[in-house]
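Peer 1: This structure is in structure tokens; I'll ask about it shortly.
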Amino acid sequence: MQVNNHALQSVPMKNISRVTPLTNEMMQVVNSFAIAFLTAFLSGQIKKQTGLSPLQTNLTAFHRTFYLLLIFVSFGFILSLFLRKKVKA
């Protein structure tokens, strides 16, 4: 969301009508791929677990999936610190 907000603020007003639909479409596509990736990762983690109770299998798989999400969010947060503010002329 912060990158989307940054992109919309850095575009000249005459082009905002073109950029807004593009950013919305990209968010939808990226969200779809993220959900598909996380679902595949979670089901792969569930299948990897052997010899554990079903509850422990699911808890371990969800723990690893949320840990992966934490890594992605932390990486995105660090990258967002390098966004430049728009300089007004």
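Letters A, B, ... mark the chains of the structure tokens in the order given; residue numbers begin at 1 per chain; ligand numbers begin at 1, in order shown.
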Using only C-alpha atoms, determine which residues lie at most 10 Å from range 63-69 of chain A, disregarding the query and same-chain residues fewer than 2 positions distant; provide the list as number ranges by chain.
Peer 2: A: 38-39, 41-43, 45, 57-61, 71-75
Peer 1: What residues in chain A get the DSSP label alpha helix (DSSP H)? Please answer as a count of residues only.
Peer 2: 69
